[in-house]
file final_32.cif (mmCIF, C-alpha atoms)
data_upload
loop_
_atom_site.label_atom_id
_atom_site.label_comp_id
_atom_site.auth_asym_id
_atom_site.auth_seq_id
_atom_site.Cartn_x
_atom_site.Cartn_y
_atom_site.Cartn_z
CA MET L 55 -102.61 49.95 15.48
CA GLU L 56 -98.89 50.77 15.66
CA ASN L 57 -99.36 52.35 19.11
CA ILE L 58 -100.79 49.18 20.65
CA THR L 59 -98.46 47.70 23.25
CA LEU L 60 -98.10 44.03 24.12
CA LEU L 61 -100.34 44.41 27.18
CA ILE L 62 -103.10 46.08 25.16
CA GLY L 63 -102.75 43.29 22.61
CA ILE L 64 -103.27 40.73 25.40
CA VAL L 65 -106.33 42.64 26.58
CA ILE L 66 -107.79 42.67 23.05
CA VAL L 67 -107.27 38.92 22.63
CA THR L 68 -108.78 38.26 26.07
CA ALA L 69 -111.76 40.49 25.26
CA LEU L 70 -112.40 38.54 22.08
CA VAL L 71 -112.17 35.27 24.05
CA PHE L 72 -114.81 36.66 26.40
CA ASP L 73 -116.90 37.64 23.38
CA PHE L 74 -116.58 34.06 22.11
CA THR L 75 -117.76 32.66 25.46
CA ASN L 76 -120.56 35.22 25.45
CA GLY L 77 -121.66 33.85 22.08
CA PHE L 78 -121.99 30.20 23.08
CA HIS L 79 -123.24 31.13 26.56
CA ASP L 80 -126.11 33.18 25.10
CA THR L 81 -127.05 31.14 22.02
CA ALA L 82 -129.94 29.83 24.09
CA ASN L 83 -131.43 33.32 24.30
CA ALA L 84 -132.50 33.24 20.67
CA MET L 85 -132.67 29.56 19.82
CA ALA L 86 -133.64 27.51 22.88
CA THR L 87 -137.39 27.61 22.28
CA THR L 88 -136.98 27.30 18.50
CA ILE L 89 -134.97 24.11 18.97
CA SER L 90 -137.19 22.67 21.73
CA THR L 91 -140.38 23.03 19.65
CA GLY L 92 -138.74 21.61 16.52
CA ALA L 93 -139.17 24.79 14.48
CA LEU L 94 -135.54 24.47 13.36
CA LYS L 95 -132.95 21.72 13.58
CA PRO L 96 -130.27 22.51 16.20
CA LYS L 97 -127.37 23.06 13.79
CA THR L 98 -129.47 25.17 11.44
CA ALA L 99 -130.70 27.29 14.34
CA VAL L 100 -127.25 28.15 15.69
CA ALA L 101 -125.91 28.87 12.18
CA MET L 102 -128.72 31.35 11.52
CA SER L 103 -128.22 32.95 14.93
CA ALA L 104 -124.49 33.33 14.32
CA VAL L 105 -124.98 35.20 11.04
CA LEU L 106 -127.55 37.57 12.55
CA ASN L 107 -125.40 38.24 15.63
CA LEU L 108 -122.67 39.36 13.25
CA VAL L 109 -125.06 41.65 11.40
CA GLY L 110 -126.40 43.06 14.66
CA ALA L 111 -122.91 44.07 15.78
CA PHE L 112 -122.85 46.75 13.07
CA VAL L 113 -126.27 48.26 13.84
CA SER L 114 -125.42 50.57 16.77
CA VAL L 115 -122.67 51.58 19.22
CA GLU L 116 -124.82 53.01 22.02
CA VAL L 117 -124.19 50.13 24.43
CA ALA L 118 -120.46 50.17 23.62
CA ALA L 119 -120.44 53.82 24.65
CA THR L 120 -122.04 52.92 27.98
CA ILE L 121 -119.21 50.47 28.73
CA SER L 122 -116.29 52.54 27.42
CA LYS L 123 -117.43 55.98 28.56
CA GLY L 124 -120.06 55.68 31.26
CA LEU L 125 -119.31 52.80 33.63
CA ILE L 126 -115.67 53.50 34.49
CA ASN L 127 -114.18 56.99 34.75
CA GLU L 128 -111.54 57.04 32.04
CA ASP L 129 -109.37 59.64 33.78
CA SER L 130 -109.24 57.76 37.08
CA GLY L 131 -105.87 56.16 36.39
CA ILE L 132 -106.93 52.70 35.27
CA ASP L 133 -104.68 50.94 32.77
CA PRO L 134 -105.04 47.94 30.43
CA ALA L 135 -103.93 45.57 33.22
CA VAL L 136 -107.10 46.45 35.14
CA VAL L 137 -109.27 45.82 32.09
CA PHE L 138 -107.51 42.47 31.59
CA ALA L 139 -108.30 41.44 35.19
CA GLY L 140 -111.94 42.39 34.69
CA LEU L 141 -112.17 40.19 31.61
CA VAL L 142 -110.62 37.26 33.48
CA GLY L 143 -113.34 37.46 36.14
CA ALA L 144 -116.05 37.52 33.47
CA ILE L 145 -114.62 34.57 31.50
CA ILE L 146 -114.24 32.33 34.55
CA TRP L 147 -117.80 33.01 35.72
CA ASN L 148 -119.20 32.48 32.21
CA LEU L 149 -117.56 29.08 31.96
CA LEU L 150 -118.60 27.96 35.44
CA THR L 151 -122.26 28.80 34.83
CA TRP L 152 -122.11 27.19 31.39
CA LEU L 153 -120.79 24.01 33.01
CA ALA L 154 -123.74 24.08 35.41
CA GLY L 155 -126.16 24.75 32.55
CA LEU L 156 -127.31 27.99 34.20
CA PRO L 157 -128.30 30.88 31.92
CA SER L 158 -126.54 33.59 33.92
CA SER L 159 -125.77 37.03 32.55
CA SER L 160 -122.59 37.42 30.51
CA SER L 161 -123.21 41.16 30.57
CA HIS L 162 -123.30 41.34 34.35
CA ALA L 163 -120.25 39.08 34.54
CA LEU L 164 -118.37 41.56 32.37
CA MET L 165 -119.54 44.61 34.27
CA GLY L 166 -118.97 42.93 37.62
CA GLY L 167 -115.45 42.02 36.54
CA LEU L 168 -114.66 45.56 35.41
CA ILE L 169 -116.08 47.07 38.59
CA GLY L 170 -114.28 44.61 40.87
CA ALA L 171 -110.92 45.06 39.15
CA THR L 172 -111.27 48.85 39.13
CA ILE L 173 -112.19 49.09 42.81
CA ALA L 174 -109.33 46.77 43.81
CA SER L 175 -106.72 48.73 41.85
CA VAL L 176 -107.91 52.35 41.91
CA GLY L 177 -110.79 52.66 44.35
CA VAL L 178 -114.54 53.10 44.45
CA GLY L 179 -114.27 56.65 43.12
CA ALA L 180 -113.25 55.34 39.70
CA VAL L 181 -116.66 53.71 39.20
CA SER L 182 -119.61 55.83 38.11
CA MET L 183 -122.19 54.59 40.59
CA SER L 184 -124.98 56.59 38.96
CA ALA L 185 -124.33 54.79 35.66
CA VAL L 186 -124.25 51.44 37.47
CA VAL L 187 -127.62 52.11 39.07
CA MET L 188 -129.39 53.73 36.12
CA LYS L 189 -128.03 51.69 33.23
CA VAL L 190 -127.21 48.34 34.87
CA LEU L 191 -129.08 47.59 38.10
CA ILE L 192 -132.48 49.11 37.29
CA PRO L 193 -132.63 47.48 33.82
CA ALA L 194 -131.51 44.19 35.45
CA VAL L 195 -134.61 44.19 37.63
CA ALA L 196 -137.08 45.83 35.26
CA ALA L 197 -136.23 44.21 31.91
CA PRO L 198 -137.01 40.54 32.76
CA LEU L 199 -140.21 41.60 34.52
CA VAL L 200 -141.35 43.71 31.57
CA ALA L 201 -140.46 40.96 29.09
CA GLY L 202 -142.12 38.30 31.26
CA VAL L 203 -145.40 40.21 31.59
CA ALA L 204 -145.37 40.99 27.87
CA ALA L 205 -144.81 37.32 27.02
CA LEU L 206 -147.55 36.21 29.42
CA LEU L 207 -150.09 38.58 27.84
CA ALA L 208 -148.93 37.75 24.32
CA THR L 209 -149.26 34.02 25.01
CA ARG L 210 -152.81 34.39 26.28
CA LEU L 211 -153.67 36.52 23.27
CA THR L 212 -152.26 33.99 20.79
CA TYR L 213 -154.21 31.13 22.34
CA ARG L 214 -157.37 33.23 22.37
CA ILE L 215 -156.94 34.16 18.69
CA SER L 216 -156.28 30.54 17.66
CA ARG L 217 -159.10 29.07 19.77
CA GLY L 218 -161.22 26.60 17.84
CA THR L 219 -158.74 26.16 14.98
CA ASP L 220 -156.90 22.98 14.08
CA GLU L 221 -154.08 22.46 16.57
CA GLY L 222 -151.68 21.08 13.96
CA ASP L 223 -152.17 24.03 11.62
CA VAL L 224 -151.74 26.48 14.48
CA ALA L 225 -148.50 24.81 15.59
CA LYS L 226 -147.16 24.87 12.04
CA GLY L 227 -147.93 28.57 11.70
CA TYR L 228 -146.34 29.50 14.99
CA ARG L 229 -143.24 27.47 14.21
CA ALA L 230 -142.81 29.62 11.11
CA GLY L 231 -143.34 32.70 13.28
CA GLN L 232 -140.76 31.38 15.73
CA ILE L 233 -138.12 31.33 13.02
CA ALA L 234 -138.78 34.99 12.27
CA SER L 235 -138.86 36.01 15.94
CA ALA L 236 -135.70 33.98 16.69
CA ALA L 237 -133.96 35.83 13.88
CA LEU L 238 -135.03 39.12 15.45
CA VAL L 239 -133.72 38.06 18.88
CA SER L 240 -130.38 37.07 17.33
CA LEU L 241 -130.12 40.43 15.62
CA ALA L 242 -131.04 42.19 18.86
CA HIS L 243 -128.45 40.14 20.76
CA GLY L 244 -125.75 41.31 18.36
CA THR L 245 -126.78 44.93 18.85
CA ASN L 246 -126.45 44.59 22.63
CA ASP L 247 -123.94 41.94 23.67
CA ALA L 248 -121.36 42.26 20.90
CA GLN L 249 -121.13 45.95 21.72
CA LYS L 250 -120.05 45.23 25.28
CA THR L 251 -116.82 43.71 24.02
CA MET L 252 -116.37 46.64 21.66
CA GLY L 253 -116.70 48.94 24.66
CA VAL L 254 -114.12 47.00 26.67
CA ILE L 255 -111.58 47.00 23.84
CA THR L 256 -112.18 50.72 23.28
CA LEU L 257 -111.72 51.35 27.02
CA ALA L 258 -108.41 49.47 26.93
CA LEU L 259 -107.25 51.45 23.88
CA ILE L 260 -108.18 54.73 25.56
CA SER L 261 -106.53 53.79 28.88
CA GLY L 262 -103.38 52.76 27.00
CA GLY L 263 -103.24 55.96 24.96
CA ALA L 264 -103.95 54.32 21.61
CA LEU L 265 -107.25 56.24 21.27
CA GLY L 266 -108.31 59.67 22.42
CA ALA L 267 -110.82 60.19 25.22
CA ASP L 268 -114.49 59.73 24.28
CA ALA L 269 -113.53 57.91 21.08
CA ASP L 270 -116.03 55.57 19.46
CA PRO L 271 -115.01 51.98 18.62
CA PRO L 272 -112.95 51.81 15.40
CA MET L 273 -114.33 49.70 12.57
CA TRP L 274 -111.78 46.90 13.13
CA VAL L 275 -112.97 46.62 16.75
CA ILE L 276 -116.61 46.39 15.65
CA ALA L 277 -115.81 43.75 13.03
CA SER L 278 -113.62 41.60 15.29
CA ALA L 279 -116.18 41.67 18.13
CA GLY L 280 -118.96 40.70 15.72
CA ILE L 281 -116.97 37.81 14.28
CA ALA L 282 -115.97 36.51 17.74
CA ILE L 283 -119.53 36.45 19.08
CA ALA L 284 -120.78 34.87 15.84
CA LEU L 285 -118.22 32.05 16.09
CA GLY L 286 -119.16 31.42 19.71
CA THR L 287 -122.84 31.38 18.80
CA TYR L 288 -122.25 28.81 16.07
CA LEU L 289 -120.44 26.57 18.55
CA GLY L 290 -123.72 26.36 20.47
CA GLY L 291 -124.04 26.48 24.24
CA TRP L 292 -125.99 23.24 24.31
CA ARG L 293 -126.11 22.89 28.09
CA ILE L 294 -127.86 26.24 28.52
CA ILE L 295 -130.07 25.65 25.47
CA ARG L 296 -131.32 22.49 27.21
CA THR L 297 -132.08 24.39 30.43
CA MET L 298 -133.95 27.23 28.73
CA GLY L 299 -135.69 25.08 26.14
CA LYS L 300 -136.75 22.16 28.33
CA GLY L 301 -135.75 22.89 31.92
CA LEU L 302 -137.83 25.99 32.70
CA THR L 303 -141.18 25.03 31.19
CA ASP L 304 -142.75 22.93 28.45
CA ILE L 305 -142.77 25.34 25.53
CA GLN L 306 -145.31 25.00 22.71
CA PRO L 307 -144.84 26.85 19.38
CA ALA L 308 -147.30 29.63 20.27
CA GLN L 309 -145.48 30.21 23.56
CA GLY L 310 -142.09 30.20 21.86
CA PHE L 311 -143.24 32.80 19.36
CA SER L 312 -144.64 35.03 22.12
CA ALA L 313 -141.53 34.71 24.28
CA GLN L 314 -139.09 35.46 21.48
CA THR L 315 -141.06 38.42 20.15
CA SER L 316 -141.30 39.95 23.63
CA SER L 317 -137.56 39.44 24.16
CA ALA L 318 -136.61 41.01 20.84
CA VAL L 319 -138.70 44.13 21.43
CA THR L 320 -137.29 44.59 24.94
CA ILE L 321 -133.66 44.11 23.86
CA LEU L 322 -133.89 46.37 20.80
CA ALA L 323 -135.54 49.14 22.81
CA SER L 324 -132.85 48.87 25.51
CA SER L 325 -130.04 48.90 22.93
CA HIS L 326 -131.48 52.08 21.44
CA LEU L 327 -131.44 53.69 24.90
CA GLY L 328 -127.91 52.48 25.66
CA PHE L 329 -128.96 50.15 28.49
CA ALA L 330 -126.40 47.35 28.87
CA LEU L 331 -129.00 44.89 30.08
CA SER L 332 -128.74 41.14 30.34
CA THR L 333 -130.23 39.53 27.26
CA THR L 334 -130.19 36.25 29.18
CA GLN L 335 -132.39 37.64 31.93
CA VAL L 336 -134.77 39.15 29.40
CA CYS L 337 -135.16 35.90 27.46
CA SER L 338 -135.48 33.82 30.62
CA GLY L 339 -138.16 36.18 31.92
CA SER L 340 -140.00 35.89 28.61
CA ILE L 341 -139.91 32.09 28.72
CA MET L 342 -141.27 32.03 32.27
CA GLY L 343 -143.99 34.50 31.31
CA ALA L 344 -144.93 32.38 28.31
CA GLY L 345 -145.04 29.30 30.53
CA LEU L 346 -147.47 30.98 32.90
CA GLY L 347 -149.52 32.43 30.04
CA ARG L 348 -150.67 29.05 28.70
CA LYS L 349 -153.56 27.33 30.43
CA GLY L 350 -152.08 24.40 32.28
CA GLY L 351 -148.59 25.70 31.58
CA VAL L 352 -146.18 25.82 34.48
CA VAL L 353 -142.72 27.00 35.39
CA ARG L 354 -140.31 24.58 37.04
CA TRP L 355 -139.48 26.77 39.99
CA ASN L 356 -136.64 24.54 41.19
CA THR L 357 -134.72 25.38 38.01
CA ALA L 358 -135.90 29.00 38.03
CA GLY L 359 -134.73 29.41 41.63
CA ARG L 360 -131.22 28.17 40.83
CA MET L 361 -131.13 30.45 37.83
CA VAL L 362 -132.19 33.55 39.79
CA ALA L 363 -129.62 32.72 42.47
CA ALA L 364 -126.95 32.69 39.76
CA TRP L 365 -128.18 36.08 38.55
CA GLY L 366 -127.75 37.53 42.02
CA LEU L 367 -124.27 36.07 42.41
CA THR L 368 -122.96 37.10 39.00
CA LEU L 369 -121.91 40.70 39.70
CA PRO L 370 -120.19 40.03 43.06
CA ALA L 371 -118.67 36.67 42.04
CA ALA L 372 -117.13 37.97 38.82
CA GLY L 373 -116.06 41.09 40.71
CA LEU L 374 -114.25 39.10 43.40
CA VAL L 375 -112.38 36.96 40.85
CA ALA L 376 -111.45 40.09 38.91
CA ALA L 377 -110.33 41.90 42.05
CA ALA L 378 -108.02 39.02 42.96
CA ALA L 379 -106.66 38.99 39.42
CA SER L 380 -106.18 42.76 39.53
CA VAL L 381 -103.96 42.48 42.61
CA LEU L 382 -101.55 40.43 40.48
CA THR L 383 -101.89 42.13 37.09
CA THR L 384 -101.06 45.56 38.50
CA ARG L 385 -97.75 44.21 39.88
CA GLY L 386 -96.13 44.08 36.47
CA ASP L 387 -95.35 41.61 33.72
CA TRP L 388 -94.92 38.65 36.07
CA GLY L 389 -98.35 39.29 37.51
CA VAL L 390 -99.99 39.42 34.07
CA THR L 391 -98.19 36.22 33.09
CA THR L 392 -99.30 34.45 36.28
CA VAL L 393 -102.93 35.45 35.80
CA THR L 394 -102.80 34.35 32.15
CA VAL L 395 -101.44 30.91 33.05
CA LEU L 396 -103.96 30.43 35.86
CA THR L 397 -106.84 31.50 33.62
CA VAL L 398 -105.87 29.10 30.85
CA ALA L 399 -105.51 26.28 33.40
CA ALA L 400 -108.93 27.04 34.91
CA CYS L 401 -110.59 27.12 31.49
CA ALA L 402 -108.98 23.81 30.54
CA ALA L 403 -110.10 22.21 33.81
CA ILE L 404 -113.71 23.35 33.29
CA TRP L 405 -113.68 22.01 29.74
CA LEU L 406 -112.33 18.63 30.87
CA VAL L 407 -115.05 18.34 33.52
CA SER L 408 -117.70 19.14 30.90
CA ARG L 409 -116.54 16.21 28.76
CA ARG L 410 -117.68 13.73 31.43
CA GLU L 411 -121.31 14.34 30.51
CA PRO L 412 -121.30 16.04 27.10
CA VAL L 413 -124.36 17.87 25.80
CA ASN L 414 -124.55 18.55 22.06
CA HIS L 415 -127.03 18.95 19.22
CA THR L 416 -127.93 15.25 19.36
CA ASN L 417 -129.20 15.23 22.95
CA VAL L 418 -130.04 18.88 23.62
CA ASN L 419 -133.77 18.15 23.82
CA ASP L 420 -133.40 15.33 26.33
CA VAL L 421 -134.94 16.36 29.64
CA GLU L 422 -132.81 15.75 32.69
CA PRO L 423 -134.73 14.49 35.77
CA ASP L 424 -134.86 16.68 38.85
CA ALA L 425 -131.88 16.16 41.13
CA THR L 426 -134.13 14.76 43.85
CA GLY L 427 -135.79 12.33 41.48
CA GLU L 428 -139.18 13.89 42.31
CA PRO L 429 -141.22 16.26 40.14
CA ASP L 430 -141.40 19.94 41.03
CA VAL L 431 -144.03 20.37 43.78
CA VAL L 432 -145.49 23.56 42.30
CA THR L 433 -145.57 22.01 38.82
CA THR L 434 -147.43 18.94 40.07
CA ALA L 435 -149.99 21.03 41.95
CA VAL L 436 -150.74 23.34 39.03
CA GLN L 437 -151.04 20.49 36.55
CA ALA L 438 -153.48 18.73 38.87
CA VAL L 439 -155.71 21.81 39.00
CA ALA L 440 -155.40 22.94 35.36
CA PRO L 441 -154.19 20.28 32.93
CA PRO L 442 -152.70 21.46 29.63
CA PRO L 443 -155.12 21.98 26.72
CA THR L 444 -153.92 18.94 24.80
CA VAL L 445 -154.62 16.63 27.73
CA ALA L 446 -158.08 18.12 28.19
CA VAL L 447 -158.86 17.69 24.51
CA GLU L 448 -157.77 14.05 24.56
CA GLU L 449 -159.92 13.30 27.59
CA ALA L 450 -162.94 15.02 26.01
CA GLU L 451 -162.49 13.00 22.81
CA LYS L 452 -162.31 9.74 24.77
CA ALA L 453 -165.48 10.62 26.69
CA GLU L 454 -167.29 11.50 23.49
CA LYS L 455 -166.31 8.19 21.87
CA ALA L 456 -167.46 6.30 24.96
CA GLU L 457 -170.86 7.97 24.79
CA LYS L 458 -171.30 7.17 21.10
CA ALA L 459 -170.19 3.56 21.36
CA PRO L 460 -173.52 2.10 22.69
CA VAL L 461 -175.52 4.00 20.06
CA SER L 462 -173.44 2.63 17.19
CA SER L 463 -173.60 -0.92 18.53
CA ALA L 464 -177.41 -0.77 18.91
CA SER L 465 -177.85 0.29 15.33
#

call {"tool": "encode", "arguments": {"input": "final_32.cif", "output": "structure tokens"}}
result
Amino acid sequence: MENITLLIGIVIVTALVFDFTNGFHDTANAMATTISTGALKPKTAVAMSAVLNLVGAFVSVEVAATISKGLINEDSGIDPAVVFAGLVGAIIWNLLTWLAGLPSSSSHALMGGLIGATIASVGVGAVSMSAVVMKVLIPAVAAPLVAGVAALLATRLTYRISRGTDEGDVAKGYRAGQIASAALVSLAHGTNDAQKTMGVITLALISGGALGADADPPMWVIASAGIAIALGTYLGGWRIIRTMGKGLTDIQPAQGFSAQTSSAVTILASSHLGFALSTTQVCSGSIMGAGLGRKGGVVRWNTAGRMVAAWGLTLPAAGLVAAAASVLTTRGDWGVTTVTVLTVAACAAIWLVSRREPVNHTNVNDVEPDATGEPDVVTTAVQAVAPPPTVAVEEAEKAEKAEKAPVSSAS
């Protein structure tokens, strides 16, 4: 610790701020469906998720190694100022997408920021393109698809297994299962996302000479990253929870259980392999798969389209902001100070805008109407062809009562 300079200290604080934003940005990954189905009260859900994110931070360091050792070439001449610029790009993008209620990838924002700042200051040669392709881009495409297909199949299986049983009892059972699966997703999120901040801090310490090359994150780095993401998770990213819980599809308890279980398995497997994937993309893919897996279930493709567009913009957008910040931070102390002031001002402005229409635990399950005032065209068409099971059951019961009514009156 005694070898840490002021600049490295600024980088560490900024990294923990990013970790905090990552926490409230990604709370929806584990708890959106649990909250939307009523399995847990909102405050209880985020508290449980926070504790398990903290525990998950201590499980593994494989993803941290991908960030600190694999993505950026440590001997390329980067310094803590470059890492600081990368974090600035990630934080700004995280807050903008949170304001819009879009579940974009905090992981890709971080990696895009690091890549953009490194290219702007050192050059393309400092980035390990093979690591970017194999451990970032391929998982980014494959993971949500795998999780979505798994959730679709799991949803169909759960409805098949529970066919003919009392709907209320089934819902109660799956709500209990949701709590367990949400806990597993929270734990998995800690093993993946908290480690990314550990990797960034370790990279800054190595680039500043405070740690040797190829060093693993020290225990104080692991603990501080875990605490920061847990605090952010407890704050609750209510805007994104609303989008994932109510905006993508109408989630029933069985679907929520299937989606969360599929997400947890995908994230834990990727963490074991060192893939720094987007937990947001995995969980969103699972929710869409669960929506399509239920008879009569639909995905609101207007919302999904905006979300996927944000996914595609995350890497380049965060990279461009970070590259601009890097131009200043590498100029010296005045540049670092300027970027710090501008970042704080931008964060404050975003927060003030968010206060105009606050979303919190009291209104998180309120469904916002589509911007056009009209229902999703695809949703309307699918519901017309295949109404949800509950609607079909109600109509059948009404028809049955109508048929019996004349018989009872004649007797």

call {"tool": "resolve_selection", "arguments": {"input": "final_32.cif", "expression": "the PyMOL selection byres ((chain L and resi 314-324) around 9)", "output": "PyMOL selection string"}}
result
chain L and resi 83-85+87-88+117+193+197-198+200-205+208+232+234-236+238-243+245-246+309-313+325-333+336-341

call {"tool": "atom_distance", "arguments": {"input": "final_32.cif", "atom1": "CA of Gly291 (chain L)", "atom2": "CA of Thr81 (chain L)"}}
result
6.0 Å

call {"tool": "resolve_selection", "arguments": {"input": "final_32.cif", "expression": "the PyMOL selection byres ((chain L and resi 145-149) around 9)", "output": "ChimeraX atom specification"}}
result
/L:68,71-73,75-76,79,140-144,150-154,158-160,163-164,368,371-372,375,397,400-401,404-405

call {"tool": "axis_aligned_box", "arguments": {"input": "final_32.cif", "around": "region 377-387 of chain L", "padding_each_side": "3 Å", "output": "lines of an AutoDock Vina configuration file"}}
result
center_x = -102.8
center_y = 42.3
center_z = 38.3
size_x = 21.0
size_y = 12.6
size_z = 15.2

call {"tool": "residues_around", "arguments": {"input": "final_32.cif", "residues": "Ile255 (chain L)", "least_positions_apart": "5", "cutoff": "10 Å", "atoms": "only C-alpha atoms", "output": "PyMOL selection string"}}
result
chain L and resi 62-63+65-70+118+121-122+134+137-138+249-250+260-261+271-272+275-276+279

call {"tool": "atom_distance", "arguments": {"input": "final_32.cif", "atom1": "CA of Leu125 (chain L)", "atom2": "CA of Leu396 (chain L)"}}
result
27.2 Å

call {"tool": "residues_near_point", "arguments": {"input": "final_32.cif", "point": "(-124.7, 15.7, 30.2)", "cutoff": "10 Å", "atoms": "only C-alpha atoms", "output": "mmCIF file with C-alpha atoms, keeping the file's coordinate frame"}}
result
data_model
loop_
_atom_site.group_PDB
_atom_site.id
_atom_site.type_symbol
_atom_site.label_atom_id
_atom_site.label_comp_id
_atom_site.auth_asym_id
_atom_site.auth_seq_id
_atom_site.Cartn_x
_atom_site.Cartn_y
_atom_site.Cartn_z
ATOM 1 C CA LEU L 153 -120.790 24.010 33.010
ATOM 2 C CA ALA L 154 -123.740 24.080 35.410
ATOM 3 C CA GLY L 155 -126.160 24.750 32.550
ATOM 4 C CA TRP L 292 -125.990 23.240 24.310
ATOM 5 C CA ARG L 293 -126.110 22.890 28.090
ATOM 6 C CA ARG L 296 -131.320 22.490 27.210
ATOM 7 C CA SER L 408 -117.700 19.140 30.900
ATOM 8 C CA ARG L 409 -116.540 16.210 28.760
ATOM 9 C CA ARG L 410 -117.680 13.730 31.430
ATOM 10 C CA GLU L 411 -121.310 14.340 30.510
ATOM 11 C CA PRO L 412 -121.300 16.040 27.100
ATOM 12 C CA VAL L 413 -124.360 17.870 25.800
ATOM 13 C CA ASN L 414 -124.550 18.550 22.060
ATOM 14 C CA ASN L 417 -129.200 15.230 22.950
ATOM 15 C CA VAL L 418 -130.040 18.880 23.620
ATOM 16 C CA ASP L 420 -133.400 15.330 26.330
ATOM 17 C CA GLU L 422 -132.810 15.750 32.690
#

call {"tool": "atom_distance", "arguments": {"input": "final_32.cif", "atom1": "CA of Ser184 (chain L)", "atom2": "CA of Gly366 (chain L)"}}
result
19.5 Å

call {"tool": "closest_residue", "arguments": {"input": "final_32.cif", "among": "L:Val190, L:Gly92, L:Ala135, L:Thr212", "to": "Trp388 (chain L)", "atoms": "all atoms listed in the file"}}
result
L:Ala135

call {"tool": "closest_residue", "arguments": {"input": "final_32.cif", "among": "L:Pro370, L:Gly347, L:Gly299, L:Gly110", "to": "Asn419 (chain L)", "atoms": "only C-alpha atoms"}}
result
L:Gly299

call {"tool": "closest_residue", "arguments": {"input": "final_32.cif", "among": "L:Ala363, L:Ile192, L:Ile64, L:Ala282", "to": "Gly77 (chain L)", "atoms": "all atoms listed in the file"}}
result
L:Ala282

call {"tool": "closest_residue", "arguments": {"input": "final_32.cif", "among": "L:Ile132, L:Ala402, L:Val407, L:Val187", "to": "Leu259 (chain L)", "atoms": "all atoms listed in the file"}}
result
L:Ile132

call {"tool": "closest_residue", "arguments": {"input": "final_32.cif", "among": "L:Val254, L:Ala139, L:Ile173, L:Leu108", "to": "Gly389 (chain L)", "atoms": "all atoms listed in the file"}}
result
L:Ala139

call {"tool": "resolve_selection", "arguments": {"input": "final_32.cif", "expression": "the PyMOL selection byres ((chain L and resi 102) around 10)", "output": "PyMOL selection string"}}
result
chain L and resi 85+94+97-101+103-107+233+236-237+240+284+287-288

call {"tool": "closest_residue", "arguments": {"input": "final_32.cif", "among": "L:Lys300, L:Ala171, L:Arg214, L:Gln335", "to": "Ala364 (chain L)", "atoms": "only C-alpha atoms"}}
result
L:Gln335

call {"tool": "residues_around", "arguments": {"input": "final_32.cif", "residues": "Ser380 (chain L)", "least_positions_apart": "3", "cutoff": "7 Å", "atoms": "all atoms listed in the file", "output": "MDAnalysis selection string"}}
result
chainID L and resid 136 139 171 174:175 376:377 383:384
